[in-house]
$ cat upload_27.cif   # mmCIF, N, CA and C atoms and all ligand atoms
data_data
#
loop_
_atom_site.group_PDB
_atom_site.id
_atom_site.type_symbol
_atom_site.label_atom_id
_atom_site.label_comp_id
_atom_site.auth_asym_id
_atom_site.auth_seq_id
_atom_site.Cartn_x
_atom_site.Cartn_y
_atom_site.Cartn_z
ATOM 1 N N MET A 1 4.967 0.966 -4.432
ATOM 2 C CA MET A 1 5.349 -0.450 -4.362
ATOM 3 C C MET A 1 5.781 -0.924 -5.749
ATOM 4 N N PRO A 2 6.934 -1.569 -5.860
ATOM 5 C CA PRO A 2 7.378 -2.050 -7.180
ATOM 6 C C PRO A 2 6.437 -3.108 -7.724
ATOM 7 N N ALA A 3 6.265 -3.081 -9.030
ATOM 8 C CA ALA A 3 5.313 -4.004 -9.658
ATOM 9 C C ALA A 3 5.693 -5.455 -9.409
ATOM 10 N N ALA A 4 6.991 -5.715 -9.273
ATOM 11 C CA ALA A 4 7.450 -7.082 -9.101
ATOM 12 C C ALA A 4 7.027 -7.657 -7.747
ATOM 13 N N GLU A 5 6.713 -6.779 -6.841
ATOM 14 C CA GLU A 5 6.351 -7.261 -5.511
ATOM 15 C C GLU A 5 4.894 -7.667 -5.466
ATOM 16 N N GLN A 6 4.653 -8.878 -5.936
ATOM 17 C CA GLN A 6 3.281 -9.332 -6.027
ATOM 18 C C GLN A 6 2.855 -10.035 -4.760
ATOM 19 N N GLN A 7 1.569 -10.030 -4.568
ATOM 20 C CA GLN A 7 1.040 -10.771 -3.430
ATOM 21 C C GLN A 7 -0.291 -11.403 -3.799
ATOM 22 N N CYS A 8 -0.679 -12.398 -3.022
ATOM 23 C CA CYS A 8 -1.919 -13.116 -3.278
ATOM 24 C C CYS A 8 -3.119 -12.167 -3.199
ATOM 25 N N ALA A 9 -3.988 -12.226 -4.223
ATOM 26 C CA ALA A 9 -5.141 -11.330 -4.278
ATOM 27 C C ALA A 9 -6.150 -11.631 -3.170
ATOM 28 N N LEU A 10 -6.092 -12.830 -2.618
ATOM 29 C CA LEU A 10 -7.065 -13.181 -1.595
ATOM 30 C C LEU A 10 -6.540 -13.014 -0.172
ATOM 31 N N CYS A 11 -5.305 -13.426 0.063
ATOM 32 C CA CYS A 11 -4.843 -13.409 1.446
ATOM 33 C C CYS A 11 -3.583 -12.571 1.668
ATOM 34 N N GLY A 12 -2.977 -12.062 0.589
ATOM 35 C CA GLY A 12 -1.815 -11.190 0.751
ATOM 36 C C GLY A 12 -0.490 -11.906 0.927
ATOM 37 N N SER A 13 -0.506 -13.234 0.887
ATOM 38 C CA SER A 13 0.744 -13.971 1.026
ATOM 39 C C SER A 13 1.669 -13.680 -0.155
ATOM 40 N N ARG A 14 2.980 -13.723 0.094
ATOM 41 C CA ARG A 14 3.938 -13.474 -0.987
ATOM 42 C C ARG A 14 4.659 -14.739 -1.422
ATOM 43 N N THR A 15 4.232 -15.874 -0.911
ATOM 44 C CA THR A 15 4.918 -17.119 -1.266
ATOM 45 C C THR A 15 4.050 -18.008 -2.151
ATOM 46 N N LEU A 16 4.713 -18.787 -3.000
ATOM 47 C CA LEU A 16 4.064 -19.777 -3.854
ATOM 48 C C LEU A 16 2.944 -19.182 -4.713
ATOM 49 N N LEU A 17 3.267 -18.040 -5.344
ATOM 50 C CA LEU A 17 2.236 -17.372 -6.142
ATOM 51 C C LEU A 17 2.028 -18.057 -7.490
ATOM 52 N N THR A 18 0.788 -18.123 -7.896
ATOM 53 C CA THR A 18 0.423 -18.732 -9.176
ATOM 54 C C THR A 18 -0.597 -17.843 -9.877
ATOM 55 N N PHE A 19 -0.785 -18.072 -11.174
ATOM 56 C CA PHE A 19 -1.736 -17.293 -11.956
ATOM 57 C C PHE A 19 -3.036 -18.072 -12.079
ATOM 58 N N HIS A 20 -4.133 -17.461 -11.677
ATOM 59 C CA HIS A 20 -5.441 -18.093 -11.844
ATOM 60 C C HIS A 20 -6.194 -17.421 -12.986
ATOM 61 N N HIS A 21 -6.575 -18.203 -14.004
ATOM 62 C CA HIS A 21 -7.409 -17.688 -15.086
ATOM 63 C C HIS A 21 -8.829 -17.543 -14.567
ATOM 64 N N LEU A 22 -9.334 -16.323 -14.553
ATOM 65 C CA LEU A 22 -10.696 -16.101 -14.048
ATOM 66 C C LEU A 22 -11.722 -16.823 -14.933
ATOM 67 N N ILE A 23 -11.375 -16.974 -16.213
ATOM 68 C CA ILE A 23 -12.143 -17.854 -17.079
ATOM 69 C C ILE A 23 -11.219 -19.026 -17.424
ATOM 70 N N PRO A 24 -11.466 -20.180 -16.790
ATOM 71 C CA PRO A 24 -10.560 -21.325 -16.946
ATOM 72 C C PRO A 24 -10.306 -21.657 -18.415
ATOM 73 N N ARG A 25 -9.063 -22.037 -18.700
ATOM 74 C CA ARG A 25 -8.630 -22.256 -20.076
ATOM 75 C C ARG A 25 -9.475 -23.283 -20.824
ATOM 76 N N THR A 26 -9.978 -24.283 -20.088
ATOM 77 C CA THR A 26 -10.774 -25.320 -20.745
ATOM 78 C C THR A 26 -12.062 -24.757 -21.343
ATOM 79 N N LEU A 27 -12.442 -23.535 -20.934
ATOM 80 C CA LEU A 27 -13.694 -22.957 -21.422
ATOM 81 C C LEU A 27 -13.488 -22.012 -22.594
ATOM 82 N N HIS A 28 -12.247 -21.735 -22.926
ATOM 83 C CA HIS A 28 -11.989 -20.721 -23.952
ATOM 84 C C HIS A 28 -12.544 -21.111 -25.328
ATOM 85 N N ARG A 29 -12.758 -22.413 -25.549
ATOM 86 C CA ARG A 29 -13.296 -22.845 -26.839
ATOM 87 C C ARG A 29 -14.803 -23.038 -26.779
ATOM 88 N N ASN A 30 -15.341 -22.908 -25.603
ATOM 89 C CA ASN A 30 -16.780 -23.089 -25.403
ATOM 90 C C ASN A 30 -17.582 -21.976 -26.093
ATOM 91 N N LYS A 31 -18.660 -22.347 -26.770
ATOM 92 C CA LYS A 31 -19.473 -21.405 -27.554
ATOM 93 C C LYS A 31 -19.935 -20.191 -26.756
ATOM 94 N N TRP A 32 -20.511 -20.469 -25.594
ATOM 95 C CA TRP A 32 -21.079 -19.385 -24.795
ATOM 96 C C TRP A 32 -20.009 -18.363 -24.430
ATOM 97 N N PHE A 33 -18.840 -18.858 -24.077
ATOM 98 C CA PHE A 33 -17.772 -17.945 -23.670
ATOM 99 C C PHE A 33 -17.204 -17.205 -24.881
ATOM 100 N N ARG A 34 -17.105 -17.887 -26.010
ATOM 101 C CA ARG A 34 -16.664 -17.255 -27.262
ATOM 102 C C ARG A 34 -17.559 -16.079 -27.617
ATOM 103 N N LYS A 35 -18.844 -16.281 -27.390
ATOM 104 C CA LYS A 35 -19.816 -15.250 -27.750
ATOM 105 C C LYS A 35 -19.706 -14.050 -26.797
ATOM 106 N N ASN A 36 -19.394 -14.322 -25.553
ATOM 107 C CA ASN A 36 -19.442 -13.264 -24.546
ATOM 108 C C ASN A 36 -18.103 -12.606 -24.236
ATOM 109 N N PHE A 37 -17.006 -13.245 -24.622
ATOM 110 C CA PHE A 37 -15.685 -12.690 -24.299
ATOM 111 C C PHE A 37 -14.747 -12.799 -25.489
ATOM 112 N N GLU A 38 -13.844 -11.844 -25.598
ATOM 113 C CA GLU A 38 -12.779 -11.940 -26.593
ATOM 114 C C GLU A 38 -11.754 -12.962 -26.116
ATOM 115 N N LEU A 39 -11.164 -13.682 -27.060
ATOM 116 C CA LEU A 39 -10.174 -14.692 -26.707
ATOM 117 C C LEU A 39 -9.001 -14.081 -25.931
ATOM 118 N N THR A 40 -8.527 -12.920 -26.385
ATOM 119 C CA THR A 40 -7.396 -12.288 -25.694
ATOM 120 C C THR A 40 -7.789 -11.881 -24.276
ATOM 121 N N ASP A 41 -9.015 -11.447 -24.107
ATOM 122 C CA ASP A 41 -9.493 -11.085 -22.777
ATOM 123 C C ASP A 41 -9.472 -12.311 -21.865
ATOM 124 N N MET A 42 -9.975 -13.429 -22.401
ATOM 125 C CA MET A 42 -10.024 -14.648 -21.586
ATOM 126 C C MET A 42 -8.619 -15.111 -21.216
ATOM 127 N N ARG A 43 -7.682 -14.926 -22.167
ATOM 128 C CA ARG A 43 -6.313 -15.383 -21.901
ATOM 129 C C ARG A 43 -5.623 -14.538 -20.856
ATOM 130 N N GLU A 44 -5.895 -13.244 -20.900
ATOM 131 C CA GLU A 44 -5.157 -12.338 -20.015
ATOM 132 C C GLU A 44 -5.858 -12.102 -18.689
ATOM 133 N N ARG A 45 -7.143 -12.388 -18.639
ATOM 134 C CA ARG A 45 -7.900 -12.095 -17.445
ATOM 135 C C ARG A 45 -7.541 -13.064 -16.328
ATOM 136 N N GLY A 46 -6.859 -12.573 -15.332
ATOM 137 C CA GLY A 46 -6.476 -13.480 -14.266
ATOM 138 C C GLY A 46 -6.014 -12.724 -13.034
ATOM 139 N N ILE A 47 -5.819 -13.442 -11.989
ATOM 140 C CA ILE A 47 -5.329 -12.860 -10.744
ATOM 141 C C ILE A 47 -4.162 -13.708 -10.239
ATOM 142 N N VAL A 48 -3.335 -13.079 -9.424
ATOM 143 C CA VAL A 48 -2.226 -13.796 -8.808
ATOM 144 C C VAL A 48 -2.680 -14.240 -7.423
ATOM 145 N N VAL A 49 -2.612 -15.529 -7.190
ATOM 146 C CA VAL A 49 -3.000 -16.068 -5.884
ATOM 147 C C VAL A 49 -1.948 -17.073 -5.410
ATOM 148 N N CYS A 50 -1.878 -17.267 -4.111
ATOM 149 C CA CYS A 50 -0.957 -18.269 -3.588
ATOM 150 C C CYS A 50 -1.550 -19.652 -3.855
ATOM 151 N N ARG A 51 -0.700 -20.670 -3.753
ATOM 152 C CA ARG A 51 -1.173 -22.027 -4.058
ATOM 153 C C ARG A 51 -2.321 -22.446 -3.152
ATOM 154 N N ARG A 52 -2.287 -21.993 -1.906
ATOM 155 C CA ARG A 52 -3.334 -22.378 -0.965
ATOM 156 C C ARG A 52 -4.681 -21.804 -1.392
ATOM 157 N N CYS A 53 -4.694 -20.522 -1.734
ATOM 158 C CA CYS A 53 -5.941 -19.899 -2.182
ATOM 159 C C CYS A 53 -6.382 -20.481 -3.521
ATOM 160 N N HIS A 54 -5.401 -20.782 -4.372
ATOM 161 C CA HIS A 54 -5.721 -21.335 -5.682
ATOM 162 C C HIS A 54 -6.446 -22.673 -5.564
ATOM 163 N N SER A 55 -5.922 -23.541 -4.707
ATOM 164 C CA SER A 55 -6.602 -24.836 -4.597
ATOM 165 C C SER A 55 -7.951 -24.672 -3.912
ATOM 166 N N PHE A 56 -8.063 -23.702 -3.021
ATOM 167 C CA PHE A 56 -9.367 -23.437 -2.416
ATOM 168 C C PHE A 56 -10.394 -23.061 -3.481
ATOM 169 N N ILE A 57 -10.019 -22.127 -4.356
ATOM 170 C CA ILE A 57 -10.938 -21.659 -5.403
ATOM 171 C C ILE A 57 -11.457 -22.831 -6.232
ATOM 172 N N HIS A 58 -10.528 -23.726 -6.616
ATOM 173 C CA HIS A 58 -10.934 -24.834 -7.477
ATOM 174 C C HIS A 58 -11.655 -25.949 -6.723
ATOM 175 N N ARG A 59 -11.468 -25.999 -5.427
ATOM 176 C CA ARG A 59 -12.201 -26.958 -4.619
ATOM 177 C C ARG A 59 -13.630 -26.463 -4.423
ATOM 178 N N GLN A 60 -13.764 -25.169 -4.282
ATOM 179 C CA GLN A 60 -15.035 -24.550 -3.933
ATOM 180 C C GLN A 60 -15.989 -24.442 -5.131
ATOM 181 N N PHE A 61 -15.438 -24.148 -6.289
ATOM 182 C CA PHE A 61 -16.279 -23.896 -7.467
ATOM 183 C C PHE A 61 -15.823 -24.755 -8.643
ATOM 184 N N ASP A 62 -16.791 -25.161 -9.493
ATOM 185 C CA ASP A 62 -16.355 -25.851 -10.703
ATOM 186 C C ASP A 62 -16.051 -24.821 -11.793
ATOM 187 N N GLU A 63 -15.498 -25.296 -12.901
ATOM 188 C CA GLU A 63 -14.952 -24.360 -13.881
ATOM 189 C C GLU A 63 -16.016 -23.481 -14.540
ATOM 190 N N LYS A 64 -17.169 -24.040 -14.835
ATOM 191 C CA LYS A 64 -18.235 -23.234 -15.452
ATOM 192 C C LYS A 64 -18.695 -22.142 -14.497
ATOM 193 N N GLN A 65 -18.816 -22.513 -13.224
ATOM 194 C CA GLN A 65 -19.201 -21.542 -12.206
ATOM 195 C C GLN A 65 -18.187 -20.393 -12.152
ATOM 196 N N LEU A 66 -16.917 -20.779 -12.169
ATOM 197 C CA LEU A 66 -15.855 -19.771 -12.124
ATOM 198 C C LEU A 66 -15.968 -18.831 -13.316
ATOM 199 N N GLY A 67 -16.092 -19.409 -14.517
ATOM 200 C CA GLY A 67 -16.124 -18.606 -15.728
ATOM 201 C C GLY A 67 -17.352 -17.722 -15.838
ATOM 202 N N ARG A 68 -18.485 -18.210 -15.335
ATOM 203 C CA ARG A 68 -19.716 -17.435 -15.487
ATOM 204 C C ARG A 68 -19.982 -16.515 -14.310
ATOM 205 N N GLU A 69 -19.774 -17.029 -13.099
ATOM 206 C CA GLU A 69 -20.192 -16.251 -11.925
ATOM 207 C C GLU A 69 -19.051 -15.546 -11.217
ATOM 208 N N PHE A 70 -17.829 -16.050 -11.419
ATOM 209 C CA PHE A 70 -16.708 -15.472 -10.667
ATOM 210 C C PHE A 70 -15.575 -15.052 -11.597
ATOM 211 N N ASN A 71 -15.963 -14.379 -12.702
ATOM 212 C CA ASN A 71 -14.948 -14.022 -13.694
ATOM 213 C C ASN A 71 -14.282 -12.663 -13.470
ATOM 214 N N THR A 72 -14.514 -12.078 -12.275
ATOM 215 C CA THR A 72 -13.723 -10.911 -11.866
ATOM 216 C C THR A 72 -13.301 -11.112 -10.411
ATOM 217 N N LEU A 73 -12.246 -10.395 -10.025
ATOM 218 C CA LEU A 73 -11.798 -10.501 -8.639
ATOM 219 C C LEU A 73 -12.887 -9.989 -7.690
ATOM 220 N N ALA A 74 -13.575 -8.915 -8.093
ATOM 221 C CA ALA A 74 -14.626 -8.339 -7.244
ATOM 222 C C ALA A 74 -15.728 -9.358 -6.952
ATOM 223 N N LYS A 75 -16.093 -10.142 -7.970
ATOM 224 C CA LYS A 75 -17.150 -11.136 -7.772
ATOM 225 C C LYS A 75 -16.692 -12.226 -6.798
ATOM 226 N N LEU A 76 -15.429 -12.639 -6.934
ATOM 227 C CA LEU A 76 -14.900 -13.641 -6.008
ATOM 228 C C LEU A 76 -14.936 -13.108 -4.580
ATOM 229 N N LEU A 77 -14.471 -11.871 -4.430
ATOM 230 C CA LEU A 77 -14.364 -11.302 -3.088
ATOM 231 C C LEU A 77 -15.721 -11.015 -2.460
ATOM 232 N N ALA A 78 -16.774 -11.009 -3.287
ATOM 233 C CA ALA A 78 -18.110 -10.776 -2.758
ATOM 234 C C ALA A 78 -18.739 -12.071 -2.245
ATOM 235 N N ASN A 79 -18.084 -13.190 -2.493
ATOM 236 C CA ASN A 79 -18.631 -14.478 -2.073
ATOM 237 C C ASN A 79 -18.250 -14.787 -0.624
ATOM 238 N N GLU A 80 -19.243 -15.245 0.116
ATOM 239 C CA GLU A 80 -19.044 -15.434 1.551
ATOM 240 C C GLU A 80 -17.978 -16.483 1.884
ATOM 241 N N ALA A 81 -17.996 -17.584 1.150
ATOM 242 C CA ALA A 81 -17.019 -18.641 1.410
ATOM 243 C C ALA A 81 -15.608 -18.151 1.108
ATOM 244 N N VAL A 82 -15.474 -17.314 0.086
ATOM 245 C CA VAL A 82 -14.163 -16.765 -0.261
ATOM 246 C C VAL A 82 -13.681 -15.825 0.839
ATOM 247 N N VAL A 83 -14.569 -15.000 1.340
ATOM 248 C CA VAL A 83 -14.221 -14.089 2.422
ATOM 249 C C VAL A 83 -13.755 -14.869 3.650
ATOM 250 N N ARG A 84 -14.508 -15.915 3.979
ATOM 251 C CA ARG A 84 -14.131 -16.736 5.136
ATOM 252 C C ARG A 84 -12.764 -17.377 4.934
ATOM 253 N N HIS A 85 -12.540 -17.910 3.741
ATOM 254 C CA HIS A 85 -11.246 -18.522 3.457
ATOM 255 C C HIS A 85 -10.124 -17.494 3.568
ATOM 256 N N SER A 86 -10.329 -16.324 2.983
ATOM 257 C CA SER A 86 -9.274 -15.320 2.964
ATOM 258 C C SER A 86 -8.941 -14.843 4.381
ATOM 259 N N GLN A 87 -9.957 -14.709 5.220
ATOM 260 C CA GLN A 87 -9.700 -14.331 6.618
ATOM 261 C C GLN A 87 -8.915 -15.412 7.344
ATOM 262 N N TRP A 88 -9.294 -16.657 7.088
ATOM 263 C CA TRP A 88 -8.580 -17.774 7.706
ATOM 264 C C TRP A 88 -7.126 -17.804 7.239
ATOM 265 N N SER A 89 -6.940 -17.634 5.938
ATOM 266 C CA SER A 89 -5.587 -17.724 5.367
ATOM 267 C C SER A 89 -4.696 -16.579 5.859
ATOM 268 N N LYS A 90 -5.290 -15.388 6.050
ATOM 269 C CA LYS A 90 -4.516 -14.258 6.571
ATOM 270 C C LYS A 90 -4.027 -14.534 7.994
ATOM 271 N N LYS A 91 -4.879 -15.226 8.743
ATOM 272 C CA LYS A 91 -4.530 -15.526 10.132
ATOM 273 C C LYS A 91 -3.445 -16.584 10.218
ATOM 274 N N HIS A 92 -3.457 -17.490 9.244
ATOM 275 C CA HIS A 92 -2.468 -18.569 9.245
ATOM 276 C C HIS A 92 -1.474 -18.341 8.139
ATOM 277 N N ARG A 93 -0.602 -17.389 8.354
ATOM 278 C CA ARG A 93 0.403 -16.990 7.343
ATOM 279 C C ARG A 93 1.272 -18.148 6.919
ATOM 280 N N HIS A 94 1.673 -18.109 5.658
ATOM 281 C CA HIS A 94 2.628 -19.092 5.171
ATOM 282 C C HIS A 94 3.598 -18.435 4.234
HETATM 283 ZN ZN ZN A 101 -3.588 -16.654 -0.682
HETATM 284 ZN ZN ZN A 102 -7.078 -21.410 -11.309
#
$ encode --input "upload_27.cif" --output "C-alpha cells" --more "lines below"
Ligand SMILES: [Zn+2]
Ligand SMILES: [Zn+2]
Amino acid sequence: MPAAEQQCALCGSRTLLTFHHLIPRTLHRNKWFRKNFELTDMRERGIVVCRRCHSFIHRQFDEKQLGREFNTLAKLLANEAVVRHSQWSKKHRH
C-alpha cells in the first residue's frame, strides 16, 4: 500500500483526515511532560484520524488524560469507549 494512502487509525475512513497529537500541544511546556518526554517526541507523536473520530477523542477525554493515559495508539484502542466508537464509525461510513 502506498504511504500516501492514509486512513483513519480508529475507523479506517479515508476522508477528512487530520493529525491528532497524542500528547496535546498545550501540554508540551508542562513540567511533568517535559520531564517524561522529549520535545521532538511530543511534537511528532501522533496519529491520523478522520474529523469524526478526532472530535470524539476530544469530547471523550480531556487533554491531561490524553497526554498521560492515552499517549499511544495502543492505549487508545484498549479503551472500551474508543472501541465502541470505532465500531459505530465503521458501520456508518463517511
Ligand atoms: Zn475515523
Ligand atoms: Zn487531537
$ atom_distance --input "upload_27.cif" --atom1 "atom CA of Lys75 of chain A" --atom2 "atom CA of Leu22 of chain A"
10.3 Å
$ atom_distance --input "upload_27.cif" --atom1 "atom CA of Arg68 of chain A" --atom2 "atom CA of Phe33 of chain A"
8.4 Å
$ closest_atom_pairs --input "upload_27.cif" --of "chain A" --to "ligand ZN 101 (chain A)" --cutoff "6 Å" --atoms "only N, CA and C atoms and all ligand atoms" --output "CSV"
residue,atom,partner,partner_atom,distance
A:Cys8,CA,A:ZN101,ZN,4.7
A:Ala9,N,A:ZN101,ZN,5.7
A:Leu10,C,A:ZN101,ZN,4.7
A:Cys11,N,A:ZN101,ZN,3.7
A:Gly12,N,A:ZN101,ZN,4.8
A:Ser13,N,A:ZN101,ZN,4.9
A:Val49,C,A:ZN101,ZN,5.0
A:Cys50,N,A:ZN101,ZN,3.9
A:Arg51,N,A:ZN101,ZN,5.8
A:Arg52,C,A:ZN101,ZN,5.3
A:Cys53,N,A:ZN101,ZN,4.2
A:His54,N,A:ZN101,ZN,5.8
$ closest_residue --input "upload_27.cif" --among "A:Trp88, A:Trp32, A:Phe19, A:Phe61" --to "ligand ZN 102 (chain A)" --atoms "only N, CA and C atoms and all ligand atoms"
A:Phe19
$ residues_around --input "upload_27.cif" --residues "Pro24 of chain A" --least-positions-apart "6" --cutoff "6.5 Å" --atoms "all atoms listed in the file" --output "list of chain:residue names"
A:Glu63, A:Leu66, A:Gly67
$ write_last_selection --input "upload_27.cif" --atoms "N, CA and C atoms" --output "CSV table (one decimal), in the frame of the given file"
chain,number,residue,atom,x,y,z
A,63,GLU,N,-15.5,-25.3,-12.9
A,63,GLU,CA,-15.0,-24.4,-13.9
A,63,GLU,C,-16.0,-23.5,-14.5
A,66,LEU,N,-16.9,-20.8,-12.2
A,66,LEU,CA,-15.9,-19.8,-12.1
A,66,LEU,C,-16.0,-18.8,-13.3
A,67,GLY,N,-16.1,-19.4,-14.5
A,67,GLY,CA,-16.1,-18.6,-15.7
A,67,GLY,C,-17.4,-17.7,-15.8
$ closest_residue --input "upload_27.cif" --among "A:His20, A:Arg84, A:Lys35, A:Lys64" --to "ligand ZN 102 (chain A)" --atoms "all atoms listed in the file"
A:His20
$ residues_around --input "upload_27.cif" --residues "His94 of chain A" --least-positions-apart "2" --cutoff "7 Å" --atoms "all atoms listed in the file" --output "PyMOL selection string"
chain A and resi 13-15+89+92
$ atom_distance --input "upload_27.cif" --atom1 "atom CA of His21 of chain A" --atom2 "atom CA of Arg45 of chain A"
6.1 Å
$ closest_residue --input "upload_27.cif" --among "A:Met42, A:Ile23, A:Leu77, A:Val82" --to "ligand ZN 102 (chain A)" --atoms "all atoms listed in the file"
A:Ile23
$ select_by_dssp --input "upload_27.cif" --residues "segment 7-93 of chain A" --states "helix (DSSP H, G or I)" --output "PyMOL selection string"
chain A and resi 25-27+31-36+39-44+51-60+63-69+73-77+80-91
$ axis_aligned_box --input "upload_27.cif" --around "segment 82-89 of chain A" --padding-each-side "8 Å" --output "lines of an AutoDock Vina configuration file"
center_x = -10.1
center_y = -16.3
center_z = 3.7
size_x = 26.8
size_y = 20.4
size_z = 24.0
$ closest_residue --input "upload_27.cif" --among "A:Thr40, A:Gln6, A:Gln87, A:Ser55" --to "ligand ZN 102 (chain A)" --atoms "all atoms listed in the file"
A:Ser55
$ select_by_dssp --input "upload_27.cif" --residues "chain A" --states "strand (DSSP E or B)" --output "MDAnalysis selection string"
chainID A and resid 17:21 46:50
$ closest_residue --input "upload_27.cif" --among "A:Arg43, A:Gln65, A:Lys91, A:Ser86" --to "Arg25 of chain A" --atoms "only N, CA and C atoms"
A:Arg43
$ build_atoms --input "upload_27.cif" --residues "segment 81-92 of chain A" --atoms "N, CA, C and O atoms" --output "PDB file, in the coordinates of the input"
ATOM      1  N   ALA A  81     -17.996 -17.584   1.150  1.00  0.00           N
ATOM      2  CA  ALA A  81     -17.019 -18.641   1.410  1.00  0.00           C
ATOM      3  C   ALA A  81     -15.608 -18.151   1.108  1.00  0.00           C
ATOM      4  O   ALA A  81     -14.648 -18.513   1.796  1.00  0.00           O
ATOM      5  N   VAL A  82     -15.474 -17.314   0.086  1.00  0.00           N
ATOM      6  CA  VAL A  82     -14.163 -16.765  -0.261  1.00  0.00           C
ATOM      7  C   VAL A  82     -13.681 -15.825   0.839  1.00  0.00           C
ATOM      8  O   VAL A  82     -12.520 -15.867   1.252  1.00  0.00           O
ATOM      9  N   VAL A  83     -14.569 -15.000   1.340  1.00  0.00           N
ATOM     10  CA  VAL A  83     -14.221 -14.089   2.422  1.00  0.00           C
ATOM     11  C   VAL A  83     -13.755 -14.869   3.650  1.00  0.00           C
ATOM     12  O   VAL A  83     -12.729 -14.561   4.250  1.00  0.00           O
ATOM     13  N   ARG A  84     -14.508 -15.915   3.979  1.00  0.00           N
ATOM     14  CA  ARG A  84     -14.131 -16.736   5.136  1.00  0.00           C
ATOM     15  C   ARG A  84     -12.764 -17.377   4.934  1.00  0.00           C
ATOM     16  O   ARG A  84     -11.920 -17.378   5.825  1.00  0.00           O
ATOM     17  N   HIS A  85     -12.540 -17.910   3.741  1.00  0.00           N
ATOM     18  CA  HIS A  85     -11.246 -18.522   3.457  1.00  0.00           C
ATOM     19  C   HIS A  85     -10.124 -17.494   3.568  1.00  0.00           C
ATOM     20  O   HIS A  85      -9.076 -17.766   4.160  1.00  0.00           O
ATOM     21  N   SER A  86     -10.329 -16.324   2.983  1.00  0.00           N
ATOM     22  CA  SER A  86      -9.274 -15.320   2.964  1.00  0.00           C
ATOM     23  C   SER A  86      -8.941 -14.843   4.381  1.00  0.00           C
ATOM     24  O   SER A  86      -7.778 -14.642   4.724  1.00  0.00           O
ATOM     25  N   GLN A  87      -9.957 -14.709   5.220  1.00  0.00           N
ATOM     26  CA  GLN A  87      -9.700 -14.331   6.618  1.00  0.00           C
ATOM     27  C   GLN A  87      -8.915 -15.412   7.344  1.00  0.00           C
ATOM     28  O   GLN A  87      -7.987 -15.133   8.101  1.00  0.00           O
ATOM     29  N   TRP A  88      -9.294 -16.657   7.088  1.00  0.00           N
ATOM     30  CA  TRP A  88      -8.580 -17.774   7.706  1.00  0.00           C
ATOM     31  C   TRP A  88      -7.126 -17.804   7.239  1.00  0.00           C
ATOM     32  O   TRP A  88      -6.198 -17.935   8.030  1.00  0.00           O
ATOM     33  N   SER A  89      -6.940 -17.634   5.938  1.00  0.00           N
ATOM     34  CA  SER A  89      -5.587 -17.724   5.367  1.00  0.00           C
ATOM     35  C   SER A  89      -4.696 -16.579   5.859  1.00  0.00           C
ATOM     36  O   SER A  89      -3.504 -16.760   6.062  1.00  0.00           O
ATOM     37  N   LYS A  90      -5.290 -15.388   6.050  1.00  0.00           N
ATOM     38  CA  LYS A  90      -4.516 -14.258   6.571  1.00  0.00           C
ATOM     39  C   LYS A  90      -4.027 -14.534   7.994  1.00  0.00           C
ATOM     40  O   LYS A  90      -2.953 -14.138   8.385  1.00  0.00           O
ATOM     41  N   LYS A  91      -4.879 -15.226   8.743  1.00  0.00           N
ATOM     42  CA  LYS A  91      -4.530 -15.526  10.132  1.00  0.00           C
ATOM     43  C   LYS A  91      -3.445 -16.584  10.218  1.00  0.00           C
ATOM     44  O   LYS A  91      -2.689 -16.636  11.149  1.00  0.00           O
ATOM     45  N   HIS A  92      -3.457 -17.490   9.244  1.00  0.00           N
ATOM     46  CA  HIS A  92      -2.468 -18.569   9.245  1.00  0.00           C
ATOM     47  C   HIS A  92      -1.474 -18.341   8.139  1.00  0.00           C
ATOM     48  O   HIS A  92      -1.484 -19.005   7.103  1.00  0.00           O
TER      49      HIS A  92
END
